[in-house]
$ cat query19.csv   # CSV, C-alpha atoms
chain,number,residue,atom,x,y,z
A,1,MET,CA,-43.2,172.0,-73.8
A,2,GLN,CA,-42.4,168.3,-74.3
A,3,PRO,CA,-40.9,166.5,-71.2
A,4,ASP,CA,-37.5,165.0,-71.4
A,5,ILE,CA,-38.1,161.3,-71.2
A,6,GLN,CA,-35.3,158.8,-71.5
A,7,ILE,CA,-36.2,155.2,-72.3
A,8,SER,CA,-33.4,152.7,-72.7
A,9,GLU,CA,-33.2,150.5,-75.8
A,10,MET,CA,-33.9,147.4,-73.6
A,11,ALA,CA,-37.0,149.2,-72.1
A,12,ILE,CA,-38.2,150.1,-75.6
A,13,SER,CA,-37.8,146.5,-76.7
A,14,TYR,CA,-39.6,145.1,-73.7
A,15,LEU,CA,-42.5,147.6,-74.0
A,16,ALA,CA,-42.8,146.8,-77.7
A,17,ARG,CA,-42.8,143.0,-76.9
A,18,ILE,CA,-45.5,143.2,-74.2
A,19,SER,CA,-47.6,145.6,-76.5
A,20,GLU,CA,-47.5,142.9,-79.2
A,21,GLN,CA,-48.4,140.1,-76.8
A,22,GLU,CA,-51.4,142.1,-75.4
A,23,GLY,CA,-52.5,143.3,-78.8
A,24,ASN,CA,-52.5,146.9,-77.6
A,25,ALA,CA,-49.7,149.2,-78.8
A,26,ASN,CA,-51.1,152.2,-76.9
A,27,LEU,CA,-49.3,152.7,-73.6
A,28,ARG,CA,-49.9,155.6,-71.2
A,29,ILE,CA,-47.8,157.3,-68.5
A,30,GLY,CA,-49.8,158.0,-65.4
A,31,VAL,CA,-49.0,159.8,-62.1
A,32,SER,CA,-51.1,159.2,-59.0
A,33,ASN,CA,-51.2,162.1,-56.6
A,34,PRO,CA,-48.9,164.4,-58.6
A,35,GLY,CA,-46.9,167.0,-56.6
A,36,THR,CA,-47.3,165.2,-53.3
A,37,SER,CA,-45.1,163.0,-51.2
A,38,LEU,CA,-47.4,160.0,-52.2
A,39,SER,CA,-46.8,160.4,-55.9
A,40,GLN,CA,-46.1,157.4,-58.0
A,41,CYS,CA,-45.4,157.1,-61.7
A,42,PHE,CA,-46.6,154.2,-63.9
A,43,ILE,CA,-47.0,152.9,-67.4
A,44,THR,CA,-50.2,151.2,-68.3
A,45,PHE,CA,-52.1,150.1,-71.4
A,46,ASN,CA,-54.4,152.8,-72.8
A,47,SER,CA,-57.8,152.0,-74.2
A,48,SER,CA,-58.9,155.5,-75.1
A,49,ALA,CA,-56.9,158.7,-75.7
A,50,LEU,CA,-58.0,162.1,-74.4
A,51,ASP,CA,-58.1,165.2,-76.5
A,52,GLU,CA,-55.5,166.9,-74.4
A,53,ASP,CA,-53.1,163.9,-74.6
A,54,GLN,CA,-49.6,164.2,-76.0
A,55,ILE,CA,-48.3,161.2,-77.9
A,56,LEU,CA,-44.8,159.9,-78.3
A,57,GLU,CA,-44.0,157.4,-81.0
A,58,TYR,CA,-41.7,154.5,-80.5
A,59,GLU,CA,-41.0,151.4,-82.6
A,60,GLY,CA,-43.8,149.0,-81.7
A,61,PHE,CA,-45.9,151.2,-79.4
A,62,THR,CA,-47.0,154.8,-78.6
A,63,LEU,CA,-46.7,156.4,-75.2
A,64,SER,CA,-49.3,159.0,-74.3
A,65,TYR,CA,-49.6,161.3,-71.3
A,66,GLU,CA,-51.9,164.1,-70.2
A,67,GLU,CA,-50.3,167.5,-71.0
A,68,LYS,CA,-51.0,168.7,-67.5
A,69,LEU,CA,-48.5,166.0,-66.2
A,70,THR,CA,-45.6,167.5,-68.3
A,71,GLN,CA,-43.9,169.2,-65.3
A,72,PHE,CA,-44.1,166.0,-63.2
A,73,ILE,CA,-42.7,163.5,-65.8
A,74,ASP,CA,-40.0,165.8,-67.1
A,75,GLY,CA,-36.7,164.0,-66.5
A,76,MET,CA,-38.4,160.6,-66.4
A,77,ASP,CA,-36.0,157.7,-66.9
A,78,VAL,CA,-37.2,154.2,-67.9
A,79,HIS,CA,-34.9,151.1,-67.8
A,80,TYR,CA,-35.5,147.4,-68.2
A,81,SER,CA,-33.1,144.8,-66.8
A,82,LYS,CA,-33.3,141.0,-67.0
A,83,ASN,CA,-33.2,138.9,-63.9
A,84,ARG,CA,-33.9,135.3,-62.9
A,85,MET,CA,-37.6,136.0,-62.8
A,86,GLY,CA,-37.7,137.4,-66.3
A,87,GLY,CA,-37.1,141.1,-65.9
A,88,LYS,CA,-37.9,144.4,-64.2
A,89,LEU,CA,-39.0,147.7,-65.6
A,90,ARG,CA,-37.8,150.6,-63.5
A,91,ILE,CA,-39.3,154.1,-63.8
A,92,LYS,CA,-37.7,157.1,-62.1
A,93,ALA,CA,-39.5,160.4,-62.3
A,94,PRO,CA,-37.6,162.8,-60.1
A,95,ASN,CA,-40.2,165.6,-60.4
A,96,ILE,CA,-43.4,163.8,-59.5
A,97,LYS,CA,-43.2,164.8,-55.9
A,98,ARG,CA,-42.3,168.5,-56.5
A,99,VAL,CA,-45.1,170.8,-55.5
A,100,PRO,CA,-45.8,172.8,-58.7
A,101,GLU,CA,-46.2,176.5,-59.0
A,102,LEU,CA,-49.9,176.9,-59.8
A,103,SER,CA,-51.8,179.7,-61.3
A,104,PRO,CA,-55.2,180.8,-59.9
A,105,ASP,CA,-56.9,179.1,-62.9
A,106,SER,CA,-55.2,175.7,-62.2
A,107,PRO,CA,-57.7,172.9,-61.4
A,108,LEU,CA,-58.9,173.1,-57.8
A,109,THR,CA,-57.8,169.5,-57.3
A,110,MET,CA,-54.2,170.5,-57.9
A,111,ARG,CA,-54.3,173.7,-55.9
A,112,ALA,CA,-55.9,171.9,-52.9
A,113,ALA,CA,-53.3,169.1,-53.2
A,114,ALA,CA,-50.5,171.8,-53.1
A,115,VAL,CA,-52.0,173.4,-50.0
A,116,LEU,CA,-52.2,170.1,-48.2
A,117,GLU,CA,-48.6,169.2,-49.2
A,118,LEU,CA,-47.2,172.6,-48.2
A,119,TYR,CA,-49.2,173.4,-45.0
A,120,VAL,CA,-51.0,170.4,-43.7
A,121,ASN,CA,-49.0,167.2,-44.3
A,122,PRO,CA,-45.8,168.4,-42.7
A,123,ALA,CA,-47.7,168.7,-39.4
A,124,LEU,CA,-49.5,165.4,-39.9
A,125,ALA,CA,-46.2,163.7,-40.8
A,126,GLU,CA,-45.0,164.4,-37.2
A,127,HIS,CA,-47.6,161.8,-36.2
A,128,GLN,CA,-46.9,159.5,-39.1
A,129,GLY,CA,-50.1,160.6,-40.9
A,130,GLY,CA,-51.1,162.4,-44.0
A,131,VAL,CA,-54.0,163.5,-46.2
A,132,ILE,CA,-54.6,163.6,-50.0
A,133,VAL,CA,-57.3,164.9,-52.2
A,134,ASP,CA,-59.6,162.1,-53.3
A,135,ARG,CA,-61.7,164.2,-55.6
A,136,VAL,CA,-63.3,167.5,-56.1
A,137,GLU,CA,-67.0,168.0,-57.0
A,138,GLY,CA,-67.8,171.6,-57.8
A,139,ASN,CA,-66.3,173.6,-54.9
A,140,LYS,CA,-66.5,170.6,-52.4
A,141,VAL,CA,-63.2,168.8,-51.7
A,142,PHE,CA,-63.2,165.2,-50.6
A,143,LEU,CA,-60.1,164.0,-48.7
A,144,LYS,CA,-58.6,160.7,-47.8
A,145,PHE,CA,-56.5,160.3,-44.6
A,146,GLY,CA,-53.7,157.8,-44.3
A,147,GLY,CA,-51.0,156.5,-42.0
A,148,ASN,CA,-51.6,157.0,-38.3
A,149,CYS,CA,-54.6,159.3,-39.1
A,150,LEU,CA,-56.5,156.0,-39.7
A,151,GLY,CA,-58.4,155.2,-36.6
A,152,CYS,CA,-57.2,158.3,-34.7
A,153,GLY,CA,-59.6,159.6,-32.2
A,154,ASN,CA,-58.7,163.2,-33.2
A,155,ALA,CA,-59.2,162.7,-36.9
A,156,GLU,CA,-62.6,164.6,-37.0
A,157,LYS,CA,-61.2,167.4,-34.9
A,158,THR,CA,-58.1,167.6,-37.2
A,159,LEU,CA,-60.3,167.7,-40.2
A,160,THR,CA,-62.5,170.5,-39.1
A,161,GLU,CA,-60.1,172.6,-37.0
A,162,PHE,CA,-56.9,172.2,-39.0
A,163,VAL,CA,-57.3,170.8,-42.5
A,164,GLU,CA,-60.5,172.4,-43.5
A,165,THR,CA,-59.5,175.8,-42.0
A,166,THR,CA,-56.2,175.7,-43.7
A,167,LEU,CA,-57.7,174.8,-47.1
A,168,LYS,CA,-60.4,177.5,-46.9
A,169,GLU,CA,-57.8,180.1,-45.8
A,170,HIS,CA,-55.7,179.5,-48.9
A,171,LEU,CA,-58.5,178.7,-51.3
A,172,PRO,CA,-61.6,180.7,-50.2
A,173,GLU,CA,-63.7,179.3,-53.1
A,174,ILE,CA,-63.9,176.0,-51.3
A,175,GLU,CA,-67.4,175.6,-49.9
A,176,ALA,CA,-67.1,172.3,-48.0
A,177,VAL,CA,-64.5,169.7,-47.0
A,178,SER,CA,-65.4,166.1,-46.3
A,179,GLU,CA,-63.4,163.0,-45.8
A,180,VAL,CA,-64.0,159.6,-47.5
A,181,THR,CA,-61.7,157.6,-45.2
A,182,LYS,CA,-63.2,154.7,-43.4
A,183,HIS,CA,-61.8,154.9,-39.9
$ encode --input "query19.csv" --output "structure tokens"
Amino acid sequence: MQPDIQISEMAISYLARISEQEGNANLRIGVSNPGTSLSQCFITFNSSALDEDQILEYEGFTLSYEEKLTQFIDGMDVHYSKNRMGGKLRIKAPNIKRVPELSPDSPLTMRAAAVLELYVNPALAEHQGGVIVDRVEGNKVFLKFGGNCLGCGNAEKTLTEFVETTLKEHLPEIEAVSEVTKH
């Protein structure tokens, strides 16, 4: 399934112009922390395509994205407007924060992020905190705390007694949970 992406004529013109200026006509849609309340969508220059990339052709540039991001960038809207400072590119992606329905064979990174978003972060948000998956190595999950969790005296207890327990309850294949946050 190809996502529905709307790019205004002014945005196409702007992206083609900066692609020409930079000497790189390969642009990429990225999403940080997809399916979480911390999700952000961006367009960047792309130096190397991946085998699983989908590529959209526009006049003056190509726009690639990882196929696994399709559900998050579906409905994306890109506009460019001029202002006194030159202009502003605006990207709206209404589905990037939506927790996806995941199958058991989905990557552990995405399944762990979904568990955190559904079961852990609502409780941490009551204290203006949150946690995201930093990375997964094998069956070990590395987490990064944010907000009021930074410097909190209960962070270690929260990690072991709440976050780790919740992750392992929903994803029994997880062998260990560690944090990379510098408190």
$ closest_residue --input "query19.csv" --among "A:Ser37, A:Ser8, A:Arg28, A:Gly146" --to "Asp53 in chain A" --atoms "all atoms listed in the file"
A:Arg28
$ closest_residue --input "query19.csv" --among "A:Gly60, A:Gly86, A:Gly35, A:Gly30" --to "Leu116 in chain A" --atoms "only C-alpha atoms"
A:Gly35
$ residues_around --input "query19.csv" --residues "Gln128 in chain A" --least-positions-apart "6" --cutoff "9 Å" --atoms "only C-alpha atoms" --output "short mmCIF file (atom, residue, chain, number, x, y, z; two decimals) with C-alpha atoms, keeping the file's coordinate frame"
data_model
loop_
_atom_site.label_atom_id
_atom_site.label_comp_id
_atom_site.auth_asym_id
_atom_site.auth_seq_id
_atom_site.Cartn_x
_atom_site.Cartn_y
_atom_site.Cartn_z
CA GLY A 146 -53.70 157.80 -44.30
CA GLY A 147 -51.00 156.50 -42.00
CA ASN A 148 -51.60 157.00 -38.30
CA CYS A 149 -54.60 159.30 -39.10
#
$ residues_near_point --input "query19.csv" --point "(-52.0, 159.2, -67.4)" --cutoff "8 Å" --atoms "all atoms listed in the file" --output "MDAnalysis selection string"
chainID A and resid 28:31 64:66 69
$ atom_distance --input "query19.csv" --atom1 "CA of Thr36 in chain A" --atom2 "CA of Gly87 in chain A"
29.0 Å
$ residues_around --input "query19.csv" --residues "Glu20 in chain A" --least-positions-apart "5" --cutoff "9 Å" --atoms "all atoms listed in the file" --output "list in words"
Leu15, Ala25, Gly60 and Phe61 of chain A
$ atom_distance --input "query19.csv" --atom1 "CA of Lys140 in chain A" --atom2 "CA of Ser103 in chain A"
19.4 Å
$ residues_around --input "query19.csv" --residues "range 95-101 of chain A" --least-positions-apart "2" --cutoff "12 Å" --atoms "all atoms listed in the file" --output "JSON, numbers by chain"
{"A": [3, 4, 5, 29, 30, 31, 32, 33, 34, 35, 36, 37, 38, 39, 40, 41, 42, 68, 69, 70, 71, 72, 73, 74, 75, 76, 77, 91, 92, 93, 103, 104, 105, 106, 110, 111, 112, 113, 114, 115, 116, 117, 118, 119]}
$ closest_residue --input "query19.csv" --among "A:Leu143, A:Leu63, A:Met85, A:Met10" --to "Ala155 in chain A" --atoms "all atoms listed in the file"
A:Leu143
$ atom_distance --input "query19.csv" --atom1 "CA of Asn154 in chain A" --atom2 "CA of Asn139 in chain A"
25.2 Å
$ closest_residue --input "query19.csv" --among "A:Gln54, A:Ser81, A:Thr160, A:Thr62" --to "Tyr14 in chain A" --atoms "only C-alpha atoms"
A:Ser81
$ closest_residue --input "query19.csv" --among "A:Leu159, A:Leu50, A:Val133, A:Leu108" --to "Ile174 in chain A" --atoms "all atoms listed in the file"
A:Leu108
$ residues_around --input "query19.csv" --residues "Gly138 in chain A" --least-positions-apart "2" --cutoff "12 Å" --atoms "all atoms listed in the file" --output "short mmCIF file (atom, residue, chain, number, x, y, z; two decimals) with C-alpha atoms, keeping the file's coordinate frame"
data_model
loop_
_atom_site.label_atom_id
_atom_site.label_comp_id
_atom_site.auth_asym_id
_atom_site.auth_seq_id
_atom_site.Cartn_x
_atom_site.Cartn_y
_atom_site.Cartn_z
CA PRO A 107 -57.70 172.90 -61.40
CA LEU A 108 -58.90 173.10 -57.80
CA THR A 109 -57.80 169.50 -57.30
CA ARG A 135 -61.70 164.20 -55.60
CA VAL A 136 -63.30 167.50 -56.10
CA LYS A 140 -66.50 170.60 -52.40
CA VAL A 141 -63.20 168.80 -51.70
CA PHE A 142 -63.20 165.20 -50.60
CA GLU A 173 -63.70 179.30 -53.10
CA ILE A 174 -63.90 176.00 -51.30
CA GLU A 175 -67.40 175.60 -49.90
CA ALA A 176 -67.10 172.30 -48.00
CA VAL A 177 -64.50 169.70 -47.00
#
$ residues_around --input "query19.csv" --residues "Phe145 in chain A" --least-positions-apart "2" --cutoff "8 Å" --atoms "all atoms listed in the file" --output "number ranges by chain"
A: 129-132, 143, 147, 149-150, 179, 181
$ write_last_selection --input "query19.csv" --atoms "C-alpha atoms" --output "PDB file, keeping the file's coordinate frame"
ATOM      1  CA  GLY A 129     -50.100 160.600 -40.900  1.00  0.00           C
ATOM      2  CA  GLY A 130     -51.100 162.400 -44.000  1.00  0.00           C
ATOM      3  CA  VAL A 131     -54.000 163.500 -46.200  1.00  0.00           C
ATOM      4  CA  ILE A 132     -54.600 163.600 -50.000  1.00  0.00           C
ATOM      5  CA  LEU A 143     -60.100 164.000 -48.700  1.00  0.00           C
ATOM      6  CA  GLY A 147     -51.000 156.500 -42.000  1.00  0.00           C
ATOM      7  CA  CYS A 149     -54.600 159.300 -39.100  1.00  0.00           C
ATOM      8  CA  LEU A 150     -56.500 156.000 -39.700  1.00  0.00           C
ATOM      9  CA  GLU A 179     -63.400 163.000 -45.800  1.00  0.00           C
ATOM     10  CA  THR A 181     -61.700 157.600 -45.200  1.00  0.00           C
TER      11      THR A 181
END
$ decode --input "query19.csv" --residues "range 68-125 of chain A" --atoms "C-alpha atoms" --output "PDB file, in the first residue's frame"
ATOM      1  CA  LYS A  68       7.519  -0.007   7.433  1.00  0.00           C
ATOM      2  CA  LEU A  69       6.684   3.705   7.911  1.00  0.00           C
ATOM      3  CA  THR A  70       3.719   3.607   5.506  1.00  0.00           C
ATOM      4  CA  GLN A  71       1.052   3.497   8.230  1.00  0.00           C
ATOM      5  CA  PHE A  72       2.637   6.469  10.023  1.00  0.00           C
ATOM      6  CA  ILE A  73       3.066   8.768   6.991  1.00  0.00           C
ATOM      7  CA  ASP A  74      -0.280   7.962   5.381  1.00  0.00           C
ATOM      8  CA  GLY A  75      -2.194  11.245   5.194  1.00  0.00           C
ATOM      9  CA  MET A  76       0.977  13.350   5.340  1.00  0.00           C
ATOM     10  CA  ASP A  77       0.563  16.907   4.097  1.00  0.00           C
ATOM     11  CA  VAL A  78       3.543  19.081   3.081  1.00  0.00           C
ATOM     12  CA  HIS A  79       3.196  22.823   2.423  1.00  0.00           C
ATOM     13  CA  TYR A  80       5.622  25.673   1.872  1.00  0.00           C
ATOM     14  CA  SER A  81       4.820  29.300   2.551  1.00  0.00           C
ATOM     15  CA  LYS A  82       6.949  32.383   2.048  1.00  0.00           C
ATOM     16  CA  ASN A  83       7.618  34.779   4.877  1.00  0.00           C
ATOM     17  CA  ARG A  84       9.989  37.678   5.676  1.00  0.00           C
ATOM     18  CA  MET A  85      12.778  35.241   6.592  1.00  0.00           C
ATOM     19  CA  GLY A  86      12.476  33.358   3.307  1.00  0.00           C
ATOM     20  CA  GLY A  87       9.973  30.613   3.880  1.00  0.00           C
ATOM     21  CA  LYS A  88       8.745  27.755   5.992  1.00  0.00           C
ATOM     22  CA  LEU A  89       8.186  24.104   5.136  1.00  0.00           C
ATOM     23  CA  ARG A  90       5.324  22.645   7.184  1.00  0.00           C
ATOM     24  CA  ILE A  91       4.831  18.899   7.504  1.00  0.00           C
ATOM     25  CA  LYS A  92       1.706  17.445   9.057  1.00  0.00           C
ATOM     26  CA  ALA A  93       1.510  13.707   9.552  1.00  0.00           C
ATOM     27  CA  PRO A  94      -1.624  12.931  11.561  1.00  0.00           C
ATOM     28  CA  ASN A  95      -0.865   9.215  11.951  1.00  0.00           C
ATOM     29  CA  ILE A  96       2.699   9.323  13.304  1.00  0.00           C
ATOM     30  CA  LYS A  97       1.574   9.165  16.937  1.00  0.00           C
ATOM     31  CA  ARG A  98      -0.991   6.414  16.394  1.00  0.00           C
ATOM     32  CA  VAL A  99       0.003   3.209  18.151  1.00  0.00           C
ATOM     33  CA  PRO A 100      -0.020   0.640  15.352  1.00  0.00           C
ATOM     34  CA  GLU A 101      -1.616  -2.766  15.405  1.00  0.00           C
ATOM     35  CA  LEU A 102       1.395  -5.034  15.419  1.00  0.00           C
ATOM     36  CA  SER A 103       1.727  -8.700  14.614  1.00  0.00           C
ATOM     37  CA  PRO A 104       3.902 -11.048  16.696  1.00  0.00           C
ATOM     38  CA  ASP A 105       6.520 -10.978  13.928  1.00  0.00           C
ATOM     39  CA  SER A 106       6.818  -7.157  13.982  1.00  0.00           C
ATOM     40  CA  PRO A 107      10.242  -5.892  15.061  1.00  0.00           C
ATOM     41  CA  LEU A 108      10.780  -6.030  18.823  1.00  0.00           C
ATOM     42  CA  THR A 109      11.621  -2.308  18.760  1.00  0.00           C
ATOM     43  CA  MET A 110       8.134  -1.439  17.538  1.00  0.00           C
ATOM     44  CA  ARG A 111       6.354  -3.907  19.833  1.00  0.00           C
ATOM     45  CA  ALA A 112       8.257  -2.608  22.880  1.00  0.00           C
ATOM     46  CA  ALA A 113       7.499   1.007  21.892  1.00  0.00           C
ATOM     47  CA  ALA A 114       3.795   0.121  21.624  1.00  0.00           C
ATOM     48  CA  VAL A 115       3.770  -1.477  25.090  1.00  0.00           C
ATOM     49  CA  LEU A 116       5.471   1.594  26.560  1.00  0.00           C
ATOM     50  CA  GLU A 117       3.003   3.923  24.853  1.00  0.00           C
ATOM     51  CA  LEU A 118      -0.082   1.952  25.879  1.00  0.00           C
ATOM     52  CA  TYR A 119       0.784   0.794  29.406  1.00  0.00           C
ATOM     53  CA  VAL A 120       3.750   2.721  30.807  1.00  0.00           C
ATOM     54  CA  ASN A 121       3.781   6.291  29.511  1.00  0.00           C
ATOM     55  CA  PRO A 122       0.241   7.168  30.616  1.00  0.00           C
ATOM     56  CA  ALA A 123       1.326   6.522  34.228  1.00  0.00           C
ATOM     57  CA  LEU A 124       4.651   8.350  33.813  1.00  0.00           C
ATOM     58  CA  ALA A 125       2.860  11.291  32.160  1.00  0.00           C
TER      59      ALA A 125
END
